[in-house]
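A.B. asks: Below you will find the structure I want to go over with you.
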Amino acid sequence: MTQDDVPLVKITRPRLTRTHQRSDLLNLLDALRTAPLIMISGHAGASKTMLAASYAETRFIPCLWYQVDHGDEELTRFFHCLGFAARELNPYKK
């Protein structure tokens with residue numbers, strides 16, 4: 001597999017345009033930052049993705065963005081795409 005096998009949509013954080021900043025939820029995420037894992041759950045269309053993206057953007061948090069889909073059932077593809085995303089995040093990559 002090559003990097004051409006990794007669709008950019010899987011590893012690109014969504015752009016935020018005209019989004020309402022949910023200060024109460026952003027502050028709640030601030031309070032939870034010491035936890036080893038934070039799970040955001042809700043119904044389809046509840047803006048979970050936008051909340052995560054806006055939190056990373058407004059708090060200047062470097063993050064590895066990875067969109068999981070049904071194609072990730074194959075572990076080799078999953079780890080290939082995840083590894084590529086990690087290399088893209090690394091500021092010291094060659």
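Following the order of the structure tokens, first chain is A, next is B, and so on, with residues numbered from 1 inside each chain and ligands from 1 in the order they appear.
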Give me the residues near segment 77-88 of chain A as a ChimeraX atom specification, where near means some atom within 6 Å (using only C-alpha atoms) and where sequence neighbours in that chain fewer than 5 positions away do not count.

C.D. replies: /A:6,11,72

A.B. asks: Write out as an mmCIF file with N, CA and C atoms, in the first residue's frame which residues come within 12 Å of segment 19-36 of chain A when counting only C-alpha atoms, dropping same-chain ones fewer than 5 positions away.

C.D. replies:
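The result, written out as selection.cif:
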```cif
data_model
loop_
_atom_site.group_PDB
_atom_site.id
_atom_site.type_symbol
_atom_site.label_atom_id
_atom_site.label_comp_id
_atom_site.auth_asym_id
_atom_site.auth_seq_id
_atom_site.Cartn_x
_atom_site.Cartn_y
_atom_site.Cartn_z
ATOM 1 N N PRO A 14 -12.466 18.411 9.515
ATOM 2 C CA PRO A 14 -13.409 19.244 8.774
ATOM 3 C C PRO A 14 -13.142 20.729 9.001
ATOM 4 N N SER A 47 -24.056 17.053 15.712
ATOM 5 C CA SER A 47 -22.849 17.893 15.593
ATOM 6 C C SER A 47 -21.687 17.426 16.452
ATOM 7 N N LYS A 48 -21.584 16.120 16.631
ATOM 8 C CA LYS A 48 -20.451 15.556 17.381
ATOM 9 C C LYS A 48 -19.130 15.865 16.683
ATOM 10 N N THR A 49 -19.105 15.685 15.371
ATOM 11 C CA THR A 49 -17.893 15.946 14.603
ATOM 12 C C THR A 49 -17.507 17.408 14.688
ATOM 13 N N MET A 50 -18.470 18.293 14.554
ATOM 14 C CA MET A 50 -18.186 19.729 14.625
ATOM 15 C C MET A 50 -17.707 20.125 16.021
ATOM 16 N N LEU A 51 -18.259 19.499 17.061
ATOM 17 C CA LEU A 51 -17.803 19.790 18.418
ATOM 18 C C LEU A 51 -16.344 19.396 18.581
ATOM 19 N N ALA A 52 -15.986 18.203 18.143
ATOM 20 C CA ALA A 52 -14.601 17.743 18.266
ATOM 21 C C ALA A 52 -13.661 18.621 17.441
ATOM 22 N N ALA A 53 -14.059 18.944 16.224
ATOM 23 C CA ALA A 53 -13.218 19.781 15.359
ATOM 24 C C ALA A 53 -13.076 21.194 15.918
ATOM 25 N N SER A 54 -14.158 21.764 16.412
ATOM 26 C CA SER A 54 -14.077 23.123 16.945
ATOM 27 C C SER A 54 -13.268 23.166 18.237
ATOM 28 N N TYR A 55 -13.350 22.103 19.029
ATOM 29 C CA TYR A 55 -12.555 22.059 20.252
ATOM 30 C C TYR A 55 -11.071 22.041 19.920
ATOM 31 N N ALA A 56 -10.685 21.179 19.010
ATOM 32 C CA ALA A 56 -9.274 21.104 18.614
ATOM 33 C C ALA A 56 -8.801 22.429 18.029
ATOM 34 N N GLU A 57 -9.646 23.067 17.236
ATOM 35 C CA GLU A 57 -9.250 24.321 16.585
ATOM 36 C C GLU A 57 -9.183 25.486 17.563
ATOM 37 N N THR A 58 -10.206 25.653 18.399
ATOM 38 C CA THR A 58 -10.232 26.811 19.301
ATOM 39 C C THR A 58 -9.221 26.704 20.429
ATOM 40 N N ARG A 59 -8.873 25.463 20.801
ATOM 41 C CA ARG A 59 -7.899 25.268 21.882
ATOM 42 C C ARG A 59 -6.490 25.027 21.343
ATOM 43 N N ILE A 61 -5.187 22.558 19.747
ATOM 44 C CA ILE A 61 -4.730 21.228 20.129
ATOM 45 C C ILE A 61 -4.311 20.480 18.868
#
```

A.B. asks: Provide the atom CA of Gly42 of chain A to atom CA of Leu8 of chain A distance in Å, to one decimal place.

C.D. replies: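 Between atom CA of Gly42 of chain A and atom CA of Leu8 of chain A the gap works out to 25.3 Å.
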